[in-house]
Structures are given as C-alpha cells and as structure tokens.
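Colleague: The structure file coords_8.json (JSON, C-alpha atoms and all ligand atoms) is provided below.
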```json
[["chain", "number", "residue", "atom", "x", "y", "z"],
["A", 1, "MET", "CA", 0.00, 0.00, 0.00],
["A", 2, "LYS", "CA", 1.06, 3.59, -0.56],
["A", 3, "LEU", "CA", 0.00, 6.52, 1.60],
["A", 4, "ARG", "CA", 0.12, 9.96, 0.07],
["A", 5, "TYR", "CA", 0.70, 12.19, 3.04],
["A", 6, "SER", "CA", 2.03, 15.46, 4.38],
["A", 7, "PRO", "CA", 3.99, 15.36, 7.65],
["A", 8, "THR", "CA", 1.92, 17.81, 9.70],
["A", 9, "SER", "CA", -1.56, 16.74, 8.60],
["A", 10, "PRO", "CA", -3.61, 15.63, 11.62],
["A", 11, "TYR", "CA", -5.80, 13.48, 9.38],
["A", 12, "VAL", "CA", -2.63, 11.70, 8.24],
["A", 13, "ARG", "CA", -1.57, 11.32, 11.87],
["A", 14, "LYS", "CA", -4.89, 9.65, 12.70],
["A", 15, "VAL", "CA", -4.28, 7.21, 9.83],
["A", 16, "SER", "CA", -0.68, 6.62, 10.99],
["A", 17, "ILE", "CA", -1.85, 5.91, 14.55],
["A", 18, "THR", "CA", -4.43, 3.50, 13.13],
["A", 19, "ALA", "CA", -1.75, 1.84, 10.99],
["A", 20, "ILE", "CA", 0.50, 1.32, 14.01],
["A", 21, "GLU", "CA", -2.31, 0.10, 16.25],
["A", 22, "THR", "CA", -3.46, -2.39, 13.60],
["A", 23, "GLY", "CA", 0.08, -3.65, 13.00],
["A", 24, "LEU", "CA", 0.02, -2.53, 9.36],
["A", 25, "SER", "CA", 2.45, 0.37, 9.48],
["A", 26, "ASP", "CA", 5.31, -1.61, 7.91],
["A", 27, "LYS", "CA", 3.13, -2.51, 4.94],
["A", 28, "ILE", "CA", 2.62, 1.15, 4.01],
["A", 29, "GLU", "CA", 5.03, 3.05, 1.80],
["A", 30, "ARG", "CA", 4.88, 6.79, 2.50],
["A", 31, "VAL", "CA", 4.77, 9.17, -0.47],
["A", 32, "THR", "CA", 5.23, 12.81, 0.50],
["A", 33, "THR", "CA", 2.63, 14.98, -1.19],
["A", 34, "ASP", "CA", 2.03, 18.72, -0.97],
["A", 35, "PRO", "CA", -1.72, 19.09, -1.57],
["A", 36, "TRP", "CA", -1.32, 22.86, -1.92],
["A", 37, "SER", "CA", 1.21, 22.68, -4.76],
["A", 38, "ALA", "CA", -0.07, 23.76, -8.18],
["A", 39, "GLU", "CA", 2.01, 20.96, -9.70],
["A", 40, "THR", "CA", 0.63, 18.10, -7.64],
["A", 41, "ASP", "CA", -1.06, 15.20, -9.38],
["A", 42, "LEU", "CA", -2.91, 14.28, -6.17],
["A", 43, "GLY", "CA", -6.23, 15.10, -7.85],
["A", 44, "ASN", "CA", -5.75, 12.11, -10.16],
["A", 45, "SER", "CA", -5.98, 9.82, -7.12],
["A", 46, "ASN", "CA", -8.23, 11.86, -4.83],
["A", 47, "PRO", "CA", -10.58, 14.22, -6.69],
["A", 48, "ILE", "CA", -11.00, 16.20, -3.45],
["A", 49, "GLY", "CA", -7.30, 17.05, -3.70],
["A", 50, "LYS", "CA", -6.53, 16.32, -0.05],
["A", 51, "VAL", "CA", -4.18, 14.12, 1.94],
["A", 52, "PRO", "CA", -4.30, 11.46, 3.20],
["A", 53, "CYS", "CA", -5.00, 9.23, 0.22],
["A", 54, "LEU", "CA", -4.24, 5.52, 0.36],
["A", 55, "ILE", "CA", -3.47, 3.50, -2.77],
["A", 56, "THR", "CA", -4.12, -0.18, -2.10],
["A", 57, "ASP", "CA", -1.91, -2.97, -3.43],
["A", 58, "GLY", "CA", -4.60, -3.50, -6.05],
["A", 59, "GLY", "CA", -4.28, 0.13, -7.17],
["A", 60, "MET", "CA", -7.51, 1.44, -5.67],
["A", 61, "ALA", "CA", -7.42, 4.96, -4.25],
["A", 62, "ILE", "CA", -9.16, 5.33, -0.87],
["A", 63, "TYR", "CA", -10.06, 8.66, 0.79],
["A", 64, "ASP", "CA", -10.83, 10.45, 3.09],
["A", 65, "SER", "CA", -9.22, 9.61, 6.41],
["A", 66, "PRO", "CA", -12.27, 7.93, 8.04],
["A", 67, "VAL", "CA", -12.56, 5.58, 5.06],
["A", 68, "ILE", "CA", -8.81, 4.86, 5.08],
["A", 69, "CYS", "CA", -9.00, 4.03, 8.79],
["A", 70, "GLU", "CA", -11.98, 1.77, 8.15],
["A", 71, "TYR", "CA", -10.04, 0.03, 5.35],
["A", 72, "LEU", "CA", -6.99, -0.54, 7.57],
["A", 73, "ASP", "CA", -9.23, -1.82, 10.35],
["A", 74, "SER", "CA", -10.84, -4.25, 7.90],
["A", 75, "LEU", "CA", -7.36, -5.77, 7.37],
["A", 76, "ASN", "CA", -6.73, -5.82, 11.10],
["A", 77, "THR", "CA", -6.69, -9.32, 12.55],
["A", 78, "GLY", "CA", -6.38, -8.09, 16.14],
["A", 79, "GLU", "CA", -8.68, -5.99, 18.32],
["A", 80, "LYS", "CA", -10.70, -3.70, 16.06],
["A", 81, "LEU", "CA", -10.42, 0.07, 16.37],
["A", 82, "ILE", "CA", -13.93, 0.44, 15.01],
["A", 83, "PRO", "CA", -16.31, -1.67, 17.06],
["A", 84, "ALA", "CA", -18.40, -3.94, 14.85],
["A", 85, "SER", "CA", -21.87, -2.90, 15.91],
["A", 86, "GLY", "CA", -24.20, -1.38, 18.43],
["A", 87, "GLU", "CA", -23.78, 1.63, 20.67],
["A", 88, "ALA", "CA", -20.00, 1.14, 21.02],
["A", 89, "ARG", "CA", -19.59, 1.48, 17.24],
["A", 90, "PHE", "CA", -21.63, 4.63, 16.90],
["A", 91, "LYS", "CA", -20.19, 6.22, 20.04],
["A", 92, "ALA", "CA", -16.65, 5.71, 18.70],
["A", 93, "LEU", "CA", -17.52, 6.90, 15.19],
["A", 94, "THR", "CA", -19.41, 9.94, 16.47],
["A", 95, "LEU", "CA", -16.58, 10.99, 18.77],
["A", 96, "ALA", "CA", -14.16, 10.57, 15.87],
["A", 97, "ALA", "CA", -16.48, 12.76, 13.79],
["A", 98, "ALA", "CA", -16.40, 15.43, 16.51],
["A", 99, "ALA", "CA", -12.59, 15.33, 16.44],
["A", 100, "ASP", "CA", -12.54, 15.54, 12.64],
["A", 101, "GLY", "CA", -15.05, 18.40, 12.82],
["A", 102, "MET", "CA", -12.78, 20.20, 15.28],
["A", 103, "LEU", "CA", -9.98, 19.82, 12.74],
["A", 104, "ASP", "CA", -12.06, 20.91, 9.76],
["A", 105, "ALA", "CA", -12.90, 24.09, 11.68],
["A", 106, "GLY", "CA", -9.27, 24.40, 12.77],
["A", 107, "VAL", "CA", -8.04, 24.27, 9.17],
["A", 108, "LEU", "CA", -10.58, 26.95, 8.18],
["A", 109, "LEU", "CA", -9.51, 29.07, 11.15],
["A", 110, "LEU", "CA", -5.84, 28.69, 10.21],
["A", 111, "ILE", "CA", -6.53, 29.84, 6.66],
["A", 112, "GLU", "CA", -8.72, 32.70, 7.87],
["A", 113, "THR", "CA", -6.35, 34.03, 10.52],
["A", 114, "LYS", "CA", -2.88, 33.17, 9.17],
["A", 115, "ARG", "CA", -3.10, 32.81, 5.40],
["A", 116, "ARG", "CA", -5.81, 35.18, 4.15],
["A", 117, "PRO", "CA", -4.65, 38.69, 3.23],
["A", 118, "GLY", "CA", -5.49, 41.18, 6.00],
["A", 119, "GLU", "CA", -8.01, 43.20, 4.03],
["A", 120, "LEU", "CA", -10.01, 40.04, 3.28],
["A", 121, "LYS", "CA", -10.16, 38.69, 6.83],
["A", 122, "TRP", "CA", -13.66, 37.98, 8.11],
["A", 123, "ASP", "CA", -13.97, 38.04, 11.91],
["A", 124, "TRP", "CA", -17.44, 36.50, 11.87],
["A", 125, "TRP", "CA", -16.10, 33.44, 10.05],
["A", 126, "ALA", "CA", -13.12, 33.09, 12.39],
["A", 127, "GLU", "CA", -15.42, 33.33, 15.45],
["A", 128, "ARG", "CA", -17.75, 30.73, 13.96],
["A", 129, "GLN", "CA", -14.88, 28.25, 13.47],
["A", 130, "THR", "CA", -13.58, 28.95, 16.98],
["A", 131, "SER", "CA", -17.04, 28.12, 18.37],
["A", 132, "VAL", "CA", -17.07, 24.84, 16.45],
["A", 133, "ILE", "CA", -13.64, 23.92, 17.83],
["A", 134, "ASN", "CA", -14.77, 24.71, 21.37],
["A", 135, "ARG", "CA", -18.01, 22.74, 21.08],
["A", 136, "CYS", "CA", -16.21, 19.71, 19.67],
["A", 137, "MET", "CA", -13.62, 19.93, 22.45],
["A", 138, "ASP", "CA", -16.43, 20.07, 25.02],
["A", 139, "VAL", "CA", -17.89, 16.87, 23.60],
["A", 140, "CYS", "CA", -14.47, 15.18, 23.79],
["A", 141, "ASP", "CA", -14.01, 16.50, 27.35],
["A", 142, "ALA", "CA", -17.35, 15.03, 28.42],
["A", 143, "ALA", "CA", -16.21, 11.65, 27.08],
["A", 144, "ALA", "CA", -12.63, 11.86, 28.38],
["A", 145, "ASP", "CA", -13.12, 9.75, 31.52],
["A", 146, "ASN", "CA", -14.20, 6.81, 29.36],
["A", 147, "LEU", "CA", -11.41, 7.07, 26.80],
["A", 148, "ALA", "CA", -8.57, 4.54, 26.77],
["A", 149, "THR", "CA", -5.04, 5.73, 27.47],
["A", 150, "THR", "CA", -1.86, 3.71, 27.66],
["A", 151, "ASP", "CA", -3.26, 0.33, 28.61],
["A", 152, "GLY", "CA", -5.30, -1.92, 26.36],
["A", 153, "PRO", "CA", -6.73, -1.27, 22.93],
["A", 154, "ILE", "CA", -7.93, 2.09, 21.69],
["A", 155, "THR", "CA", -10.71, 2.91, 19.24],
["A", 156, "ILE", "CA", -10.85, 5.30, 16.34],
["A", 157, "ALA", "CA", -12.16, 7.91, 18.81],
["A", 158, "GLU", "CA", -8.89, 8.05, 20.76],
["A", 159, "ALA", "CA", -6.86, 8.13, 17.52],
["A", 160, "ALA", "CA", -8.93, 11.01, 16.12],
["A", 161, "ILE", "CA", -9.15, 13.08, 19.31],
["A", 162, "GLY", "CA", -5.44, 12.66, 20.09],
["A", 163, "ALA", "CA", -4.37, 13.58, 16.56],
["A", 164, "GLY", "CA", -6.77, 16.53, 16.62],
["A", 165, "LEU", "CA", -5.59, 18.00, 19.93],
["A", 166, "GLY", "CA", -1.95, 17.53, 18.90],
["A", 167, "TRP", "CA", -2.55, 19.59, 15.78],
["A", 168, "ILE", "CA", -4.42, 22.33, 17.67],
["A", 169, "ASP", "CA", -1.40, 22.59, 19.99],
["A", 170, "LEU", "CA", 0.94, 22.75, 16.97],
["A", 171, "ARG", "CA", -0.96, 25.41, 15.04],
["A", 172, "PHE", "CA", -2.67, 27.35, 17.86],
["A", 173, "PRO", "CA", -0.34, 27.04, 20.87],
["A", 174, "ASP", "CA", -2.26, 29.82, 22.65],
["A", 175, "PHE", "CA", -5.72, 28.34, 22.11],
["A", 176, "GLY", "CA", -5.89, 27.64, 25.85],
["A", 177, "TRP", "CA", -8.21, 24.64, 25.71],
["A", 178, "ARG", "CA", -6.83, 22.85, 28.79],
["A", 179, "LYS", "CA", -7.91, 25.21, 31.60],
["A", 180, "GLU", "CA", -11.65, 24.65, 31.17],
["A", 181, "ARG", "CA", -11.23, 20.97, 30.29],
["A", 182, "PRO", "CA", -9.00, 19.30, 32.89],
["A", 183, "ALA", "CA", -10.33, 15.80, 32.15],
["A", 184, "LEU", "CA", -9.46, 16.09, 28.47],
["A", 185, "ALA", "CA", -6.08, 17.66, 29.28],
["A", 186, "ASP", "CA", -5.27, 14.81, 31.67],
["A", 187, "TRP", "CA", -6.33, 12.19, 29.13],
["A", 188, "PHE", "CA", -4.24, 13.86, 26.40],
["A", 189, "ASP", "CA", -1.17, 13.88, 28.64],
["A", 190, "LYS", "CA", -1.56, 10.16, 29.28],
["A", 191, "ILE", "CA", -2.30, 9.06, 25.69],
["A", 192, "SER", "CA", 0.65, 11.09, 24.45],
["A", 193, "ASP", "CA", 2.91, 8.46, 26.07],
["A", 194, "ARG", "CA", 1.39, 5.67, 23.99],
["A", 195, "PRO", "CA", 3.94, 4.48, 21.39],
["A", 196, "SER", "CA", 1.61, 5.08, 18.42],
["A", 197, "PHE", "CA", 1.23, 8.70, 19.56],
["A", 198, "GLU", "CA", 4.88, 9.25, 20.45],
["A", 199, "GLN", "CA", 5.97, 7.92, 17.04],
["A", 200, "THR", "CA", 3.65, 10.25, 15.13],
["A", 201, "VAL", "CA", 4.13, 13.59, 16.90],
["A", 202, "PRO", "CA", 3.80, 16.33, 14.25],
["A", 203, "LYS", "CA", 6.78, 18.57, 13.67],
["A", 204, "ALA", "CA", 6.22, 22.17, 12.63],
["A", 205, "ALA", "CA", 6.70, 22.65, 8.87],
["B", 301, "LIG", "N1", -11.92, 15.20, 5.29],
["B", 301, "LIG", "C1", -10.53, 14.99, 4.89],
["B", 301, "LIG", "C2", -9.73, 16.21, 5.29],
["B", 301, "LIG", "C3", -8.28, 16.12, 4.81],
["B", 301, "LIG", "C4", -7.63, 17.49, 4.75],
["B", 301, "LIG", "O1", -8.25, 18.54, 4.96],
["B", 301, "LIG", "N2", -6.32, 17.49, 4.45],
["B", 301, "LIG", "C5", -5.61, 18.73, 4.28],
["B", 301, "LIG", "C6", -4.22, 18.63, 4.89],
["B", 301, "LIG", "S1", -4.35, 18.66, 6.64],
["B", 301, "LIG", "C7", -5.43, 18.99, 2.80],
["B", 301, "LIG", "O2", -4.99, 18.11, 2.09],
["B", 301, "LIG", "N3", -5.78, 20.20, 2.34],
["B", 301, "LIG", "C8", -5.62, 20.58, 0.99],
["B", 301, "LIG", "C9", -6.80, 21.39, 0.48],
["B", 301, "LIG", "O3", -7.72, 21.69, 1.28],
["B", 301, "LIG", "O4", -6.80, 21.72, -0.69],
["B", 301, "LIG", "C10", -10.00, 13.72, 5.55],
["B", 301, "LIG", "O5", -10.52, 13.36, 6.63],
["B", 301, "LIG", "O6", -9.11, 13.07, 5.01]]
```
Please lay out the structure from this file as structure tokens.
Ligand SMILES: N[C@@H](CCC(=O)N[C@@H](CS)C(=O)NCC(=O)O)C(=O)O
Modeller:
Amino acid sequence: MKLRYSPTSPYVRKVSITAIETGLSDKIERVTTDPWSAETDLGNSNPIGKVPCLITDGGMAIYDSPVICEYLDSLNTGEKLIPASGEARFKALTLAAAADGMLDAGVLLLIETKRRPGELKWDWWAERQTSVINRCMDVCDAAADNLATTDGPITIAEAAIGAGLGWIDLRFPDFGWRKERPALADWFDKISDRPSFEQTVPKAA
C-alpha cells in the first residue's frame, strides 16, 4: 500500500496511529505529497485534492481519512479500532467525527487568521470556526473519563481526538483549551505516552 501524506496533517496522523495500532504500518510506503502545490497530481488519485489518500496494493485509491481508517481496520486481525456494531460502534464513530469536525474548523480558522490577506479577513467566520472547535472539544471532554489511554486497545475515537488535539497545539499554541477541560487535558497527557502517539508527533513545517 502507498500513503500519500504530508507530515503535519492531523488526518494523516490519525491514519498513521491507526496503521501502528493495527500492525500494518510496515506494509505502508509513504509518499510525500504537498496538496497545496499547483504541480501536484494528487487530484488524479483523490478528486477532493486532499491528503491522506491511500493506494491499495490492487491500485484502488481510498479517501478520506475515516474511510482509510476503516479500510486498515478491515485488514486488522487483532482488536478492532472500530467496534463492529451497536452503541459502542456509533459512540466511537461519532466521537471521531467530533474530532474531525474540530480539525475541519481548525483548518478553516488557520486559513482565515494566518493565510488570508489582512483586508479580506472575516472576523465572523473566524469566530464561527472557533465556536465549532470549542463545542467539539467540550464533547471530547465530556467523554474523556471513558477514553482509553496507555493500557489496552484504543478505538478510532482516541486516535482522532489525540491527533486533533496535537494539531491544535501545533498550530494554535495559545488556544488555551486545557484550563476549562482538565479531564481532556489529563487524558491527552496520558495518551501522548502511547507508542503510536509518540511515534507520530507532528513537527512544525
Ligand atoms: N476530510 C478529509 C480532510 C483532509 C484534509 O483537509 N487534508 C488537508 C491537509 S491537513 C489537505 O490536504 N488540504 C488541501 C486542500 O484543502 O486543498 C479527511 O478526513 O481526510
């Protein structure tokens, strides 16, 4: 398998954590891809033009990150990251969706506040994305006491929330999310020691 990736993408990190936890990491060749480059051919594999994009051994392109994680978990012969059915499945998937939603808003906020030319900045839009991030973090905080940390298997929820918070810290070091959410902060400290998290810490580009 080949994974088209960029090193700081939190969606890629979630996939990398999933790959490590499912024991598949060694089977994945990494192909660095800059989705923002005008020259990239990424759109030939993923029409959305985003990383991550997984190319299977059979040549099939799989996107976006939730589908890639589901694919890797389907190859996983050990404990599944995505529970098979029932409330556990939909709790894990919904928490992962909240973490992905936090990131989607985070990416929009990054573009709005750090990339858009000053005269085009739109405060209303930035405030809206900040509210989304905060609401998603609140949902993760409410669930934090039931999230796995260093011992035992994790689900896609832990992978997504951990990758998401790591990226918020990288891109918005002054966001200040911990003070109001001690349970989530404590959980994040603990999960950060898990090998799959330690091995995938994003480095500023
Ligand atoms: N929903 C997508 C989001 C992926 C995404 O936004 N990736 C960013 C990098 S962090 C990207 O490739 N952006 C390029 C663009 O928006 O054109 C997923 O879960 O895979």
Colleague: Go through the chains and note each residue within 7 Å of ligand LIG 301 (chain B), using all atoms listed in the file, then give the set as a ChimeraX atom specification.
Modeller: /A:9-11,35-36,49-52,63-66,100,104
Colleague: Distance atom CA of Glu180 of chain A-atom CA of Val12 of chain A, one decimal place?
Modeller: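 Straight-line distance from atom CA of Glu180 of chain A to atom CA of Val12 of chain A works out to 27.8 Å.
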Colleague: Calculated over only C-alpha atoms, which of the candidates A:Leu103, A:Cys53, A:Ala92, A:Leu147 has the smallest distance to Asp169 of chain A?
Modeller: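 The shortest atom-to-atom distance to Asp169 of chain A comes from A:Leu103.
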Colleague: A:Lys91, A:Asn76, A:Trp177, A:Asp186: which is nearest Asp145 of chain A, counting all atoms listed in the file?
Modeller: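 Nearest candidate to Asp145 of chain A out of A:Lys91, A:Asn76, A:Trp177, A:Asp186: A:Asp186.
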Colleague: Under the rule that all atoms listed in the file are counted, which of A:Leu184, A:Val15, A:Leu170, A:Ala84 is the nearest residue to Val201 of chain A?
Modeller: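 Result for the nearest residue to Val201 of chain A: A:Leu170.
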Colleague: Neighbours of segment 188-190 of chain A within 9 Å (only C-alpha atoms; same-chain residues fewer than 3 positions away dropped), as a compact mmCIF listing (two decimals) with C-alpha atoms, in the coordinates of the input?
Modeller:
```txt
# COMPACT_ATOMS: atom_id res chain seq x y z
CA ALA A 144 -12.63 11.86 28.38
CA THR A 149 -5.04 5.73 27.47
CA THR A 150 -1.86 3.71 27.66
CA ILE A 161 -9.15 13.08 19.31
CA GLY A 162 -5.44 12.66 20.09
CA LEU A 165 -5.59 18.00 19.93
CA GLY A 166 -1.95 17.53 18.90
CA ALA A 183 -10.33 15.80 32.15
CA LEU A 184 -9.46 16.09 28.47
CA ALA A 185 -6.08 17.66 29.28
CA ASP A 193 2.91 8.46 26.07
CA ARG A 194 1.39 5.67 23.99
```
Colleague: Complete segment 62-88 of chain A with N, CA, C and O atoms (output as a CSV table (one decimal), keeping the file's coordinate frame).
Modeller:
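Contents of out33.csv, as written:
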```csv
chain,number,residue,atom,x,y,z
A,62,ILE,N,-8.2,5.2,-1.9
A,62,ILE,CA,-9.2,5.3,-0.9
A,62,ILE,C,-9.0,6.7,-0.1
A,62,ILE,O,-7.8,7.0,0.2
A,63,TYR,N,-10.0,7.4,0.1
A,63,TYR,CA,-10.1,8.7,0.8
A,63,TYR,C,-11.5,8.8,1.4
A,63,TYR,O,-12.4,8.0,0.9
A,64,ASP,N,-11.8,9.7,2.3
A,64,ASP,CA,-10.8,10.4,3.1
A,64,ASP,C,-10.4,9.6,4.3
A,64,ASP,O,-10.6,8.4,4.3
A,65,SER,N,-9.8,10.3,5.3
A,65,SER,CA,-9.2,9.6,6.4
A,65,SER,C,-10.2,8.6,7.1
A,65,SER,O,-9.7,7.5,7.5
A,66,PRO,N,-11.4,8.9,7.4
A,66,PRO,CA,-12.3,7.9,8.0
A,66,PRO,C,-12.4,6.6,7.2
A,66,PRO,O,-12.4,5.5,7.8
A,67,VAL,N,-12.4,6.8,5.9
A,67,VAL,CA,-12.6,5.6,5.1
A,67,VAL,C,-11.2,4.8,5.0
A,67,VAL,O,-11.2,3.6,5.1
A,68,ILE,N,-10.1,5.5,5.0
A,68,ILE,CA,-8.8,4.9,5.1
A,68,ILE,C,-8.7,4.1,6.4
A,68,ILE,O,-8.3,2.9,6.4
A,69,CYS,N,-9.1,4.7,7.5
A,69,CYS,CA,-9.0,4.0,8.8
A,69,CYS,C,-9.9,2.8,8.8
A,69,CYS,O,-9.5,1.7,9.3
A,70,GLU,N,-11.1,2.9,8.2
A,70,GLU,CA,-12.0,1.8,8.2
A,70,GLU,C,-11.4,0.6,7.3
A,70,GLU,O,-11.4,-0.5,7.6
A,71,TYR,N,-10.7,1.0,6.2
A,71,TYR,CA,-10.0,0.0,5.4
A,71,TYR,C,-8.9,-0.7,6.1
A,71,TYR,O,-8.9,-1.9,6.1
A,72,LEU,N,-8.1,0.1,6.8
A,72,LEU,CA,-7.0,-0.5,7.6
A,72,LEU,C,-7.6,-1.5,8.6
A,72,LEU,O,-7.1,-2.6,8.9
A,73,ASP,N,-8.6,-1.0,9.3
A,73,ASP,CA,-9.2,-1.8,10.4
A,73,ASP,C,-9.8,-3.1,9.8
A,73,ASP,O,-9.9,-4.1,10.5
A,74,SER,N,-10.3,-3.0,8.5
A,74,SER,CA,-10.8,-4.2,7.9
A,74,SER,C,-9.7,-5.3,7.7
A,74,SER,O,-10.0,-6.5,7.6
A,75,LEU,N,-8.5,-4.8,7.6
A,75,LEU,CA,-7.4,-5.8,7.4
A,75,LEU,C,-6.8,-6.2,8.7
A,75,LEU,O,-5.9,-7.1,8.7
A,76,ASN,N,-7.3,-5.6,9.8
A,76,ASN,CA,-6.7,-5.8,11.1
A,76,ASN,C,-7.2,-7.2,11.7
A,76,ASN,O,-8.4,-7.4,11.8
A,77,THR,N,-6.3,-8.0,12.0
A,77,THR,CA,-6.7,-9.3,12.6
A,77,THR,C,-6.8,-9.3,14.1
A,77,THR,O,-7.2,-10.3,14.7
A,78,GLY,N,-6.3,-8.2,14.7
A,78,GLY,CA,-6.4,-8.1,16.1
A,78,GLY,C,-7.6,-7.4,16.6
A,78,GLY,O,-8.7,-7.4,15.9
A,79,GLU,N,-7.5,-6.7,17.8
A,79,GLU,CA,-8.7,-6.0,18.3
A,79,GLU,C,-9.0,-4.8,17.4
A,79,GLU,O,-8.2,-4.0,17.0
A,80,LYS,N,-10.3,-4.7,17.0
A,80,LYS,CA,-10.7,-3.7,16.1
A,80,LYS,C,-10.7,-2.3,16.7
A,80,LYS,O,-11.1,-2.1,17.9
A,81,LEU,N,-10.3,-1.3,15.9
A,81,LEU,CA,-10.4,0.1,16.4
A,81,LEU,C,-11.8,0.6,16.2
A,81,LEU,O,-12.2,1.6,16.9
A,82,ILE,N,-12.5,0.0,15.2
A,82,ILE,CA,-13.9,0.4,15.0
A,82,ILE,C,-14.8,-0.7,15.4
A,82,ILE,O,-14.9,-1.8,14.8
A,83,PRO,N,-15.5,-0.6,16.6
A,83,PRO,CA,-16.3,-1.7,17.1
A,83,PRO,C,-17.3,-2.1,16.0
A,83,PRO,O,-17.8,-1.2,15.2
A,84,ALA,N,-17.6,-3.4,16.0
A,84,ALA,CA,-18.4,-3.9,14.8
A,84,ALA,C,-19.8,-3.4,14.8
A,84,ALA,O,-20.4,-3.2,13.7
A,85,SER,N,-20.4,-3.2,16.0
A,85,SER,CA,-21.9,-2.9,15.9
A,85,SER,C,-22.3,-2.3,17.2
A,85,SER,O,-21.5,-2.2,18.2
A,86,GLY,N,-23.6,-1.9,17.2
A,86,GLY,CA,-24.2,-1.4,18.4
A,86,GLY,C,-23.7,0.0,18.9
A,86,GLY,O,-23.1,0.7,18.1
A,87,GLU,N,-24.1,0.3,20.1
A,87,GLU,CA,-23.8,1.6,20.7
A,87,GLU,C,-22.3,1.9,20.7
A,87,GLU,O,-21.9,3.1,20.4
A,88,ALA,N,-21.5,0.9,21.0
A,88,ALA,CA,-20.0,1.1,21.0
A,88,ALA,C,-19.5,1.6,19.7
A,88,ALA,O,-18.7,2.6,19.6
```
